[in-house]
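Dropping upload-v7.csv in here (CSV, C-alpha atoms and all ligand atoms):
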```csv
chain,number,residue,atom,x,y,z
A,190,MET,CA,192.7,285.2,-25.6
A,191,LYS,CA,191.2,282.6,-23.2
A,192,ILE,CA,191.2,278.9,-24.0
A,193,LYS,CA,187.5,277.8,-24.4
A,194,SER,CA,187.8,274.2,-25.5
A,195,ILE,CA,190.4,271.6,-26.4
A,196,GLN,CA,189.4,268.6,-28.6
A,197,THR,CA,191.2,265.8,-30.4
A,198,THR,CA,190.3,264.1,-33.6
A,199,LEU,CA,191.8,261.2,-35.6
A,200,PHE,CA,193.8,261.9,-38.8
A,201,GLN,CA,194.1,259.0,-41.1
A,202,SER,CA,195.8,258.3,-44.5
A,203,PRO,CA,197.0,255.2,-46.2
A,204,LEU,CA,200.7,255.4,-47.2
A,205,LYS,CA,201.8,255.2,-50.8
A,206,THR,CA,203.9,252.1,-49.8
A,207,PRO,CA,204.4,250.4,-46.5
A,208,PHE,CA,207.0,252.1,-44.2
A,209,LYS,CA,209.5,249.6,-42.9
A,210,THR,CA,212.4,250.1,-40.4
A,211,ALA,CA,214.3,247.7,-38.1
A,212,LEU,CA,211.7,248.6,-35.4
A,213,ARG,CA,208.3,248.4,-37.3
A,214,THR,CA,206.2,248.2,-40.4
A,215,VAL,CA,203.3,250.7,-41.0
A,216,SER,CA,200.8,250.8,-43.9
A,217,ASN,CA,198.4,253.4,-42.7
A,218,LEU,CA,199.0,256.6,-40.8
A,219,GLU,CA,196.8,257.3,-37.9
A,220,ASP,CA,197.6,260.2,-35.6
A,221,ILE,CA,195.9,262.7,-33.4
A,222,VAL,CA,195.0,266.3,-34.3
A,223,VAL,CA,194.5,268.8,-31.4
A,224,ILE,CA,192.0,271.6,-32.0
A,225,ILE,CA,192.0,274.4,-29.4
A,226,GLU,CA,189.3,277.1,-29.6
A,227,CYS,CA,189.6,280.4,-27.8
A,228,GLU,CA,186.8,282.6,-26.6
A,229,ASN,CA,187.7,285.2,-29.3
A,230,GLY,CA,187.0,282.6,-31.9
A,231,LEU,CA,190.6,281.9,-33.0
A,232,ILE,CA,191.3,278.2,-33.5
A,233,GLY,CA,194.7,276.5,-33.2
A,234,TYR,CA,195.8,273.2,-34.6
A,235,GLY,CA,198.4,270.7,-33.4
A,236,GLU,CA,199.3,267.2,-34.3
A,237,GLY,CA,201.3,264.2,-33.1
A,238,SER,CA,201.7,260.6,-34.2
A,239,PRO,CA,202.2,258.0,-31.5
A,240,THR,CA,205.2,255.8,-32.1
A,241,ALA,CA,204.9,253.0,-29.5
A,242,VAL,CA,208.3,251.5,-30.1
A,243,ILE,CA,210.0,254.9,-29.8
A,244,THR,CA,208.1,257.2,-27.4
A,245,GLY,CA,205.9,254.5,-25.7
A,246,GLU,CA,202.7,256.2,-26.8
A,247,THR,CA,199.6,254.9,-28.5
A,248,LEU,CA,196.5,256.7,-29.9
A,249,GLY,CA,194.7,255.9,-26.7
A,250,THR,CA,197.4,257.1,-24.3
A,251,MET,CA,197.9,260.3,-26.4
A,252,LYS,CA,194.2,261.1,-26.3
A,253,GLU,CA,194.1,260.5,-22.5
A,254,ALA,CA,197.2,262.5,-21.9
A,255,ILE,CA,195.9,265.5,-23.9
A,256,GLU,CA,192.6,265.4,-22.1
A,257,TYR,CA,194.4,265.2,-18.7
A,258,ILE,CA,196.6,268.2,-19.4
A,259,SER,CA,193.8,270.1,-21.0
A,260,ASN,CA,192.0,270.2,-17.6
A,261,PHE,CA,194.7,272.6,-16.4
A,262,LEU,CA,194.6,274.8,-19.5
A,263,ILE,CA,190.9,275.6,-20.0
A,264,GLY,CA,190.3,279.3,-19.1
A,265,LEU,CA,193.9,280.4,-19.3
A,266,ASN,CA,194.9,283.4,-21.4
A,267,ILE,CA,197.4,282.4,-24.1
A,268,ASP,CA,198.6,285.9,-24.7
A,269,ALA,CA,199.0,286.8,-21.1
A,270,ASN,CA,200.1,283.4,-19.7
A,271,PHE,CA,202.0,281.9,-22.7
A,272,GLU,CA,205.1,280.8,-20.6
A,273,ASP,CA,202.8,279.4,-17.8
A,274,ILE,CA,200.9,277.4,-20.4
A,275,ILE,CA,204.0,275.9,-21.8
A,276,ASN,CA,205.2,275.1,-18.2
A,277,ILE,CA,201.9,273.4,-17.4
A,278,ILE,CA,202.0,271.2,-20.5
A,279,HIS,CA,205.4,269.9,-19.3
A,280,SER,CA,204.9,269.8,-15.6
A,281,LYS,CA,201.6,268.1,-15.0
A,282,LEU,CA,202.4,264.7,-16.6
A,283,LEU,CA,205.7,262.8,-17.0
A,284,HIS,CA,206.7,261.5,-20.4
A,285,ASN,CA,204.0,261.5,-23.1
A,286,THR,CA,206.1,263.7,-25.3
A,287,THR,CA,204.1,263.3,-28.5
A,288,ALA,CA,200.9,264.4,-26.7
A,289,LYS,CA,202.7,267.4,-25.2
A,290,SER,CA,204.1,268.3,-28.6
A,291,ALA,CA,200.7,268.2,-30.2
A,292,LEU,CA,199.2,270.5,-27.5
A,293,GLU,CA,202.2,272.9,-27.8
A,294,ILE,CA,201.9,273.1,-31.6
A,295,ALA,CA,198.3,274.3,-31.2
A,296,ILE,CA,199.3,276.9,-28.6
A,297,TYR,CA,202.1,278.2,-30.8
A,298,ASP,CA,199.7,278.3,-33.8
A,299,LEU,CA,197.3,280.4,-31.6
A,300,ILE,CA,199.9,282.9,-30.2
A,301,SER,CA,201.3,283.6,-33.6
A,302,LYS,CA,197.9,284.0,-35.1
A,303,TYR,CA,197.0,286.4,-32.3
A,304,ARG,CA,200.1,288.4,-33.0
A,305,ASP,CA,199.2,288.2,-36.8
A,306,LYS,CA,202.6,286.6,-37.7
A,307,PRO,CA,203.5,283.4,-39.4
A,308,LEU,CA,204.9,281.1,-36.7
A,309,PHE,CA,208.4,281.2,-38.2
A,310,SER,CA,208.6,284.9,-37.8
A,311,PHE,CA,207.2,284.7,-34.2
A,312,LEU,CA,210.1,282.3,-33.5
A,313,GLY,CA,212.6,284.7,-35.2
A,314,GLY,CA,213.1,283.0,-38.6
A,315,ASP,CA,212.5,284.1,-42.2
A,316,LYS,CA,213.3,281.1,-44.4
A,317,ILE,CA,210.2,279.5,-46.0
A,318,ALA,CA,211.6,277.1,-48.6
A,319,PHE,CA,213.1,273.8,-47.6
A,320,THR,CA,214.4,270.6,-49.2
A,321,THR,CA,213.8,267.3,-47.4
A,322,ASP,CA,215.4,263.9,-47.9
A,323,ILE,CA,213.2,260.8,-48.4
A,324,THR,CA,213.2,257.5,-46.5
A,325,ILE,CA,213.9,254.3,-48.3
A,326,SER,CA,212.2,251.6,-46.3
A,327,LEU,CA,214.0,248.5,-45.2
A,328,ASP,CA,213.3,245.7,-47.7
A,329,GLU,CA,214.8,243.2,-50.0
A,330,ILE,CA,217.9,244.6,-51.8
A,331,ASN,CA,216.3,244.8,-55.3
A,332,LYS,CA,213.3,246.6,-53.9
A,333,MET,CA,215.4,249.1,-52.0
A,334,VAL,CA,217.5,249.8,-55.2
A,335,SER,CA,214.4,250.3,-57.3
A,336,ASP,CA,212.8,252.5,-54.6
A,337,SER,CA,216.0,254.6,-54.4
A,338,LEU,CA,216.1,255.1,-58.2
A,339,SER,CA,212.4,256.1,-58.2
A,340,ALA,CA,213.1,258.7,-55.5
A,341,VAL,CA,216.0,260.2,-57.5
A,342,SER,CA,213.7,260.3,-60.6
A,343,LEU,CA,211.2,262.3,-58.4
A,344,GLY,CA,214.0,264.9,-57.7
A,345,TYR,CA,215.3,263.8,-54.4
A,346,ASP,CA,219.0,264.3,-54.1
A,347,THR,CA,219.3,263.0,-50.5
A,348,LEU,CA,218.1,259.5,-49.5
A,349,LYS,CA,217.8,258.1,-46.0
A,350,ILE,CA,218.4,254.4,-46.2
A,351,LYS,CA,216.8,252.2,-43.5
A,352,LEU,CA,219.0,249.4,-42.3
A,353,GLY,CA,219.5,247.3,-39.2
A,354,ASN,CA,217.8,244.0,-39.4
A,355,ASN,CA,220.7,241.9,-40.8
A,356,ALA,CA,224.3,243.1,-40.6
A,357,LYS,CA,225.6,241.0,-43.5
A,358,LYS,CA,222.7,242.0,-45.8
A,359,ASP,CA,223.0,245.6,-44.8
A,360,ILE,CA,226.5,245.8,-46.3
A,361,GLU,CA,225.1,244.5,-49.6
A,362,ARG,CA,222.3,247.0,-49.4
A,363,ILE,CA,224.6,249.9,-49.0
A,364,ILE,CA,226.9,248.7,-51.8
A,365,GLU,CA,224.1,248.0,-54.3
A,366,ILE,CA,222.2,251.2,-53.6
A,367,HIS,CA,225.4,253.2,-53.9
A,368,ARG,CA,226.3,251.5,-57.2
A,369,ALA,CA,222.9,252.1,-58.7
A,370,LEU,CA,222.6,255.8,-57.9
A,371,PRO,CA,224.1,258.9,-59.5
A,372,ASN,CA,227.4,259.9,-57.9
A,373,ASP,CA,226.1,263.1,-56.5
A,374,THR,CA,223.3,261.5,-54.5
A,375,ILE,CA,223.7,262.0,-50.8
A,376,LEU,CA,223.2,258.9,-48.6
A,377,ARG,CA,222.1,259.0,-45.0
A,378,LEU,CA,222.1,255.6,-43.3
A,379,ASP,CA,219.7,254.8,-40.4
A,380,ALA,CA,220.1,251.5,-38.6
A,381,ASN,CA,217.4,252.3,-35.9
A,382,GLN,CA,219.5,250.6,-33.1
A,383,GLY,CA,219.7,247.4,-35.1
A,384,TRP,CA,223.5,246.8,-34.9
A,385,ASN,CA,225.9,246.4,-32.0
A,386,VAL,CA,229.2,248.3,-31.6
A,387,GLU,CA,231.4,245.6,-33.2
A,388,GLN,CA,229.0,245.1,-36.2
A,389,THR,CA,228.8,248.8,-36.8
A,390,ILE,CA,232.5,249.3,-36.9
A,391,GLU,CA,232.9,246.3,-39.2
A,392,ILE,CA,230.1,247.3,-41.5
A,393,MET,CA,231.2,250.9,-41.8
A,394,GLN,CA,234.9,250.2,-42.2
A,395,LYS,CA,234.1,247.7,-45.0
A,396,VAL,CA,231.9,250.3,-46.7
A,397,GLU,CA,234.5,253.1,-46.3
A,398,ASN,CA,237.3,250.9,-47.6
A,399,LEU,CA,235.2,250.5,-50.8
A,400,GLY,CA,235.2,254.3,-51.1
A,401,ILE,CA,231.6,254.8,-50.1
A,402,PHE,CA,231.2,257.7,-47.7
A,403,PRO,CA,227.6,258.3,-46.5
A,404,GLN,CA,226.9,261.8,-45.2
A,405,LEU,CA,226.1,260.2,-41.8
A,406,LEU,CA,225.2,257.1,-39.9
A,407,GLU,CA,222.1,257.5,-37.7
A,408,GLN,CA,221.6,255.6,-34.4
A,409,PRO,CA,223.4,252.3,-35.2
A,410,ILE,CA,223.1,250.9,-31.7
A,411,LYS,CA,220.8,250.8,-28.7
A,412,ALA,CA,219.5,254.2,-27.5
A,413,ASP,CA,221.0,254.0,-24.0
A,414,ASP,CA,224.5,253.0,-25.2
A,415,ILE,CA,226.1,256.4,-25.4
A,416,SER,CA,229.6,255.2,-24.7
A,417,GLY,CA,229.2,252.8,-27.6
A,418,LEU,CA,228.3,255.7,-29.9
A,419,LYS,CA,231.5,257.4,-28.8
A,420,GLU,CA,233.6,254.3,-29.4
A,421,ILE,CA,232.1,254.0,-32.9
A,422,LYS,CA,232.7,257.6,-33.6
A,423,GLY,CA,236.4,257.2,-32.9
A,424,LYS,CA,236.8,254.2,-35.2
A,425,ILE,CA,234.9,255.2,-38.4
A,426,LYS,CA,235.0,258.2,-40.7
A,427,THR,CA,231.3,258.5,-41.3
A,428,PRO,CA,229.8,261.1,-38.9
A,429,ILE,CA,227.3,259.7,-36.3
A,430,LEU,CA,223.9,261.2,-35.8
A,431,ALA,CA,222.2,260.5,-32.5
A,432,ASP,CA,218.4,259.9,-32.8
A,433,GLU,CA,216.7,257.6,-30.3
A,434,SER,CA,219.6,258.5,-27.8
A,435,VAL,CA,218.4,262.1,-27.6
A,436,PHE,CA,214.9,262.9,-26.5
A,437,ASN,CA,215.3,265.7,-24.0
A,438,LEU,CA,217.6,268.6,-23.1
A,439,SER,CA,219.6,266.7,-20.5
A,440,GLN,CA,220.3,263.8,-22.9
A,441,ALA,CA,221.4,266.3,-25.6
A,442,LYS,CA,223.6,268.0,-23.0
A,443,TYR,CA,225.3,264.7,-22.1
A,444,ILE,CA,226.0,263.7,-25.7
A,445,LEU,CA,227.3,267.2,-26.5
A,446,GLU,CA,229.5,267.4,-23.4
A,447,THR,CA,231.0,263.9,-24.0
A,448,LYS,CA,231.3,264.4,-27.7
A,449,SER,CA,229.5,261.1,-28.3
A,450,ALA,CA,227.9,262.0,-31.6
A,451,ASP,CA,228.7,264.4,-34.5
A,452,PHE,CA,225.0,265.5,-35.1
A,453,LEU,CA,221.7,265.5,-33.2
A,454,ASN,CA,218.4,264.5,-34.6
A,455,ILE,CA,215.7,266.7,-33.1
A,456,LYS,CA,212.0,265.6,-33.3
A,457,LEU,CA,209.1,267.4,-31.7
A,458,ALA,CA,207.5,264.0,-30.8
A,459,LYS,CA,210.6,262.9,-28.9
A,460,CYS,CA,211.4,266.2,-27.0
A,461,GLY,CA,207.8,267.3,-26.2
A,462,GLY,CA,207.4,270.2,-28.6
A,463,ILE,CA,208.7,273.4,-30.0
A,464,SER,CA,209.8,275.0,-26.7
A,465,VAL,CA,212.1,272.0,-25.9
A,466,ALA,CA,213.3,271.6,-29.5
A,467,LEU,CA,214.4,275.3,-29.4
A,468,LYS,CA,216.3,274.7,-26.2
A,469,ILE,CA,218.1,271.7,-27.7
A,470,ALA,CA,219.0,273.5,-30.9
A,471,LYS,CA,220.3,276.5,-28.9
A,472,LEU,CA,222.4,274.3,-26.8
A,473,ALA,CA,223.8,272.4,-29.9
A,474,LYS,CA,224.6,275.8,-31.3
A,475,GLU,CA,226.8,276.6,-28.2
A,476,TYR,CA,228.7,273.4,-29.0
A,477,ASN,CA,228.7,274.1,-32.8
A,478,VAL,CA,227.0,270.7,-33.4
A,479,LYS,CA,224.7,270.7,-36.4
A,480,CYS,CA,221.3,269.2,-36.1
A,481,MET,CA,218.8,267.4,-38.3
A,482,MET,CA,215.1,268.1,-37.9
A,483,GLY,CA,213.3,264.7,-38.1
A,484,CYS,CA,209.7,263.5,-37.8
A,485,MET,CA,207.6,260.5,-37.1
A,486,LEU,CA,205.2,259.2,-39.6
A,487,GLU,CA,202.8,262.1,-39.2
A,488,GLY,CA,200.5,264.4,-41.1
A,489,PRO,CA,201.0,267.8,-42.5
A,490,ILE,CA,200.4,269.9,-39.3
A,491,GLY,CA,203.3,268.2,-37.5
A,492,ILE,CA,205.6,268.5,-40.5
A,493,VAL,CA,204.7,272.2,-41.0
A,494,ALA,CA,205.3,272.9,-37.3
A,495,SER,CA,208.7,271.3,-37.5
A,496,LEU,CA,209.6,273.5,-40.6
A,497,HIS,CA,208.7,276.7,-38.8
A,498,LEU,CA,211.2,275.7,-36.1
A,499,VAL,CA,213.9,274.9,-38.7
A,500,SER,CA,213.3,278.4,-40.2
A,501,ALA,CA,214.0,279.9,-36.8
A,502,MET,CA,217.2,277.8,-36.2
A,503,SER,CA,218.4,277.3,-39.8
A,504,ASP,CA,222.0,278.1,-38.9
A,505,ILE,CA,222.2,275.1,-36.7
A,506,ILE,CA,219.4,272.8,-38.0
A,507,ASN,CA,220.8,272.3,-41.5
A,508,MET,CA,219.5,268.9,-42.3
A,509,VAL,CA,215.8,268.3,-43.0
A,510,ASP,CA,214.3,264.9,-42.8
A,511,LEU,CA,210.6,265.8,-43.0
A,512,ASP,CA,209.3,263.5,-45.7
A,513,ALA,CA,206.2,262.1,-43.9
A,514,VAL,CA,203.7,264.0,-46.1
A,515,ALA,CA,205.5,262.8,-49.2
A,516,LEU,CA,204.8,259.3,-48.1
A,517,LEU,CA,201.1,259.8,-47.8
A,518,ALA,CA,198.7,258.4,-50.4
A,519,ASN,CA,196.3,261.3,-49.7
A,520,GLN,CA,198.1,264.6,-50.2
A,521,PRO,CA,196.9,267.7,-48.4
A,522,LYS,CA,194.2,269.6,-50.3
A,523,ASN,CA,193.4,273.4,-50.4
A,524,CYS,CA,196.6,273.9,-48.5
A,525,SER,CA,198.5,277.2,-48.5
A,526,VAL,CA,201.7,275.3,-47.6
A,527,ILE,CA,203.2,273.8,-50.9
A,528,PHE,CA,204.3,270.2,-50.7
A,529,ASP,CA,206.1,269.2,-53.8
A,530,GLU,CA,208.1,266.0,-53.1
A,531,SER,CA,211.5,267.2,-51.8
A,532,HIS,CA,210.5,270.9,-51.9
A,533,ILE,CA,208.2,272.3,-49.1
A,534,THR,CA,207.3,276.0,-49.0
A,535,LEU,CA,205.7,277.5,-45.9
A,536,SER,CA,202.8,279.9,-46.2
A,537,LYS,CA,203.2,283.5,-45.0
A,538,ASN,CA,199.8,283.4,-43.5
A,539,SER,CA,199.6,283.9,-39.7
A,540,GLY,CA,200.2,280.9,-37.4
A,541,LEU,CA,201.2,277.6,-38.9
A,542,GLY,CA,199.5,278.5,-42.2
A,543,ILE,CA,197.7,275.2,-42.3
A,544,THR,CA,194.4,273.9,-40.9
A,545,TYR,CA,192.9,270.5,-40.4
B,601,MG,MG,216.1,257.7,-37.0
```
Please express what this file holds, its structure, as structure tokens.
Ligand SMILES: [Mg+2]
Amino acid sequence: MKIKSIQTTLFQSPLKTPFKTALRTVSNLEDIVVIIECENGLIGYGEGSPTAVITGETLGTMKEAIEYISNFLIGLNIDANFEDIINIIHSKLLHNTTAKSALEIAIYDLISKYRDKPLFSFLGGDKIAFTTDITISLDEINKMVSDSLSAVSLGYDTLKIKLGNNAKKDIERIIEIHRALPNDTILRLDANQGWNVEQTIEIMQKVENLGIFPQLLEQPIKADDISGLKEIKGKIKTPILADESVFNLSQAKYILETKSADFLNIKLAKCGGISVALKIAKLAKEYNVKCMMGCMLEGPIGIVASLHLVSAMSDIINMVDLDAVALLANQPKNCSVIFDESHITLSKNSGLGITY
């Protein structure tokens, strides 16, 4: 199954409402879809959304990186040279993890289509139904409370609350949102590196003293401050989830070895794709550290690829934060994957089970 051509195209959709974190505000999704055609006529799809403030990529650099790596892939046989192809994607260009992930997804789509299996079963999984949380954007307190209540009314039982632009206001945000929601709503907090160590300990101790116990606190401080994460972990009860601190396998290994976080957030766009995400999840399993599967603001192909991986590693990846499609104003049409707010069900068709 030789690769004949690799093309990229732009995927665009307005969001239902602007997405706001401590790092950025986005109103429209624009990302890159990769389309790989083989000489036997099979077509594979991949996708990635450049997040300049996290991975350092833009639409332009992604397109360029994919074109550059593609030069080494044309003519290779995906079935016979699968491992070589994955190695080439990762060895010909440094960084550019979202571009690599988008290429990898299309390669995994093709190999599983060729073997006539859904990707989850190619990867060793069988689970097809998943429940995701939903992100509540960083905003004025009243708006965040009303957004949280709307999410619960749509059936979400787990909310990821974005914080991190004002430590004092963030305490109020947590208290007011917690007060407004049903008692059984699970809260995940994500400060996106917006606090320092002292602020984090102070905020979380205050919140915990009020009897509020979120399921986890995600990336409160700067990505490179791993010892700070460990210090926080020792002083608060809420478990710490490392996100921007863990891109690749060696960072994951360091955090696991030093016990600097309770959970890891794996994202295809950060690590470079399914092959690396699998290695991180397998390593986390050795340390018995549970993982979250997260996403960027991206379209349905990227989300579906992430879910196939969760299926294969569902014993260790037990938290799903794959709400990006739910945030889109334009929902996927004629799609064999079912997106129903918090509930996503994969197709049993071969490959990803989704096309562009
Ligand atoms: Mg995060």
(message) Counting only C-alpha atoms and all ligand atoms, which residue out of A:Tyr443, A:Phe436, A:Phe261, A:Tyr545 sits closest to ligand MG 601 (chain B)?
(response) A:Phe436
(request) Rank A:Arg304, A:Arg362, A:Lys191, A:Lys411 by their smallest atom-to-atom distance to ligand MG 601 (chain B), using only C-alpha atoms and all ligand atoms, and report the top residue only. (result) A:Lys411
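Excluding Lys205 in chain A itself and same-chain residues fewer than 5 positions from it, the residues having an atom within 10 Å of it are Ser216, Asn217, Ala515, Leu516, Leu517, Ala518 and Asn519 of chain A, counting all atoms listed in the file.
Each of A:Leu352, A:Ile224, A:Ile390, A:Leu418 was compared to ligand MG 601 (chain B) using all atoms listed in the file, and A:Leu352 turns out to be the nearest.
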(request) One decimal, Å: what's the distance from CA of Gln394 in chain A over to CA of Val509 in chain A, could you say? (result)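 Those two atoms sit 26.3 Å apart.
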(request) Return as an MDAnalysis selection string the residues of protein, DNA or RNA that approach ligand MG 601 (chain B) to within 9 Å, with all atoms listed in the file taken into account. (result) chainID A and resid 351 378:382 407:408 430:433 454 483:485
(request) Identify which of the residues A:Leu486, A:Ile415, A:Leu438, A:Ile429 lies closest to Ala466 in chain A, counting only C-alpha atoms when measuring atom-to-atom distances. (result)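 When distances to Ala466 in chain A are compared using only C-alpha atoms, the smallest one comes from A:Leu438.
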(request) Using only C-alpha atoms, find the one residue out of A:Pro521, A:Pro239, A:Pro207, A:Gly491 that sits nearest to Thr324 in chain A. (result)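 Checking each candidate against Thr324 in chain A, we get A:Pro207 as the closest.
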(message) Need to verify the contact set: Gly237 in chain A, 7 Å, all atoms listed in the file, exclusion of same-chain residues closer than 3 positions in sequence. Can you return it as a list in words?
(response)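 Skipping anything fewer than 3 positions along the chain leaves Asp220, Ile221, Val222, Thr287, Ala288, Ser290, Ala291, Ala458, Glu487 and Gly491 of chain A.
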(request) Determine the nearest neighbour of Ile325 in chain A from the options A:Leu299, A:Ile363, A:Leu308, A:Leu283, counting all atoms listed in the file. (result) A:Ile363
With the input short on atoms, add N, CA and C atoms back to range 310-337 of chain A and write it as a PDB file, in the frame of the given file.
```
ATOM      1  N   SER A 310     208.120 283.572 -38.137  1.00  0.00           N
ATOM      2  CA  SER A 310     208.600 284.900 -37.800  1.00  0.00           C
ATOM      3  C   SER A 310     208.375 285.188 -36.283  1.00  0.00           C
ATOM      4  N   PHE A 311     207.334 284.613 -35.686  1.00  0.00           N
ATOM      5  CA  PHE A 311     207.200 284.700 -34.200  1.00  0.00           C
ATOM      6  C   PHE A 311     208.405 284.075 -33.532  1.00  0.00           C
ATOM      7  N   LEU A 312     208.949 283.003 -34.129  1.00  0.00           N
ATOM      8  CA  LEU A 312     210.100 282.300 -33.500  1.00  0.00           C
ATOM      9  C   LEU A 312     211.440 282.972 -33.945  1.00  0.00           C
ATOM     10  N   GLY A 313     211.375 283.959 -34.838  1.00  0.00           N
ATOM     11  CA  GLY A 313     212.600 284.700 -35.200  1.00  0.00           C
ATOM     12  C   GLY A 313     213.222 284.262 -36.524  1.00  0.00           C
ATOM     13  N   GLY A 314     212.503 283.491 -37.326  1.00  0.00           N
ATOM     14  CA  GLY A 314     213.100 283.000 -38.600  1.00  0.00           C
ATOM     15  C   GLY A 314     212.488 283.778 -39.794  1.00  0.00           C
ATOM     16  N   ASP A 315     213.083 283.581 -40.973  1.00  0.00           N
ATOM     17  CA  ASP A 315     212.500 284.100 -42.200  1.00  0.00           C
ATOM     18  C   ASP A 315     212.507 283.184 -43.373  1.00  0.00           C
ATOM     19  N   LYS A 316     213.221 282.087 -43.251  1.00  0.00           N
ATOM     20  CA  LYS A 316     213.300 281.100 -44.400  1.00  0.00           C
ATOM     21  C   LYS A 316     211.969 280.413 -44.521  1.00  0.00           C
ATOM     22  N   ILE A 317     211.525 280.252 -45.778  1.00  0.00           N
ATOM     23  CA  ILE A 317     210.200 279.500 -46.000  1.00  0.00           C
ATOM     24  C   ILE A 317     210.369 278.340 -46.927  1.00  0.00           C
ATOM     25  N   ALA A 318     211.483 278.211 -47.646  1.00  0.00           N
ATOM     26  CA  ALA A 318     211.600 277.100 -48.600  1.00  0.00           C
ATOM     27  C   ALA A 318     212.637 276.097 -48.124  1.00  0.00           C
ATOM     28  N   PHE A 319     212.256 274.834 -48.148  1.00  0.00           N
ATOM     29  CA  PHE A 319     213.100 273.800 -47.600  1.00  0.00           C
ATOM     30  C   PHE A 319     213.160 272.579 -48.521  1.00  0.00           C
ATOM     31  N   THR A 320     214.250 271.827 -48.385  1.00  0.00           N
ATOM     32  CA  THR A 320     214.400 270.600 -49.200  1.00  0.00           C
ATOM     33  C   THR A 320     214.571 269.440 -48.180  1.00  0.00           C
ATOM     34  N   THR A 321     213.705 268.450 -48.312  1.00  0.00           N
ATOM     35  CA  THR A 321     213.800 267.300 -47.400  1.00  0.00           C
ATOM     36  C   THR A 321     214.413 266.099 -48.161  1.00  0.00           C
ATOM     37  N   ASP A 322     214.992 265.202 -47.378  1.00  0.00           N
ATOM     38  CA  ASP A 322     215.400 263.900 -47.900  1.00  0.00           C
ATOM     39  C   ASP A 322     214.140 263.029 -48.008  1.00  0.00           C
ATOM     40  N   ILE A 323     214.302 261.786 -48.452  1.00  0.00           N
ATOM     41  CA  ILE A 323     213.200 260.800 -48.400  1.00  0.00           C
ATOM     42  C   ILE A 323     213.716 259.505 -47.863  1.00  0.00           C
ATOM     43  N   THR A 324     212.851 258.814 -47.115  1.00  0.00           N
ATOM     44  CA  THR A 324     213.200 257.500 -46.500  1.00  0.00           C
ATOM     45  C   THR A 324     213.037 256.392 -47.499  1.00  0.00           C
ATOM     46  N   ILE A 325     214.049 255.542 -47.587  1.00  0.00           N
ATOM     47  CA  ILE A 325     213.900 254.300 -48.300  1.00  0.00           C
ATOM     48  C   ILE A 325     213.724 253.183 -47.330  1.00  0.00           C
ATOM     49  N   SER A 326     212.540 252.559 -47.345  1.00  0.00           N
ATOM     50  CA  SER A 326     212.200 251.600 -46.300  1.00  0.00           C
ATOM     51  C   SER A 326     213.098 250.340 -46.428  1.00  0.00           C
ATOM     52  N   LEU A 327     213.238 249.682 -45.281  1.00  0.00           N
ATOM     53  CA  LEU A 327     214.000 248.500 -45.200  1.00  0.00           C
ATOM     54  C   LEU A 327     213.320 247.329 -45.874  1.00  0.00           C
ATOM     55  N   ASP A 328     213.975 246.736 -46.877  1.00  0.00           N
ATOM     56  CA  ASP A 328     213.300 245.700 -47.700  1.00  0.00           C
ATOM     57  C   ASP A 328     214.340 244.843 -48.347  1.00  0.00           C
ATOM     58  N   GLU A 329     213.883 243.984 -49.273  1.00  0.00           N
ATOM     59  CA  GLU A 329     214.800 243.200 -50.000  1.00  0.00           C
ATOM     60  C   GLU A 329     215.709 244.166 -50.864  1.00  0.00           C
ATOM     61  N   ILE A 330     216.930 243.729 -51.167  1.00  0.00           N
ATOM     62  CA  ILE A 330     217.900 244.600 -51.800  1.00  0.00           C
ATOM     63  C   ILE A 330     217.347 245.210 -53.123  1.00  0.00           C
ATOM     64  N   ASN A 331     216.790 244.342 -53.971  1.00  0.00           N
ATOM     65  CA  ASN A 331     216.300 244.800 -55.300  1.00  0.00           C
ATOM     66  C   ASN A 331     215.225 245.885 -55.118  1.00  0.00           C
ATOM     67  N   LYS A 332     214.352 245.665 -54.154  1.00  0.00           N
ATOM     68  CA  LYS A 332     213.300 246.600 -53.900  1.00  0.00           C
ATOM     69  C   LYS A 332     213.847 247.958 -53.411  1.00  0.00           C
ATOM     70  N   MET A 333     214.836 247.882 -52.533  1.00  0.00           N
ATOM     71  CA  MET A 333     215.400 249.100 -52.000  1.00  0.00           C
ATOM     72  C   MET A 333     216.174 249.870 -53.137  1.00  0.00           C
ATOM     73  N   VAL A 334     216.805 249.121 -54.038  1.00  0.00           N
ATOM     74  CA  VAL A 334     217.500 249.800 -55.200  1.00  0.00           C
ATOM     75  C   VAL A 334     216.459 250.447 -56.061  1.00  0.00           C
ATOM     76  N   SER A 335     215.359 249.735 -56.371  1.00  0.00           N
ATOM     77  CA  SER A 335     214.400 250.300 -57.300  1.00  0.00           C
ATOM     78  C   SER A 335     213.661 251.524 -56.594  1.00  0.00           C
ATOM     79  N   ASP A 336     213.398 251.415 -55.278  1.00  0.00           N
ATOM     80  CA  ASP A 336     212.800 252.500 -54.600  1.00  0.00           C
ATOM     81  C   ASP A 336     213.743 253.763 -54.565  1.00  0.00           C
ATOM     82  N   SER A 337     215.045 253.489 -54.438  1.00  0.00           N
ATOM     83  CA  SER A 337     216.000 254.600 -54.400  1.00  0.00           C
ATOM     84  C   SER A 337     216.060 255.279 -55.792  1.00  0.00           C
TER      85      SER A 337
END
```
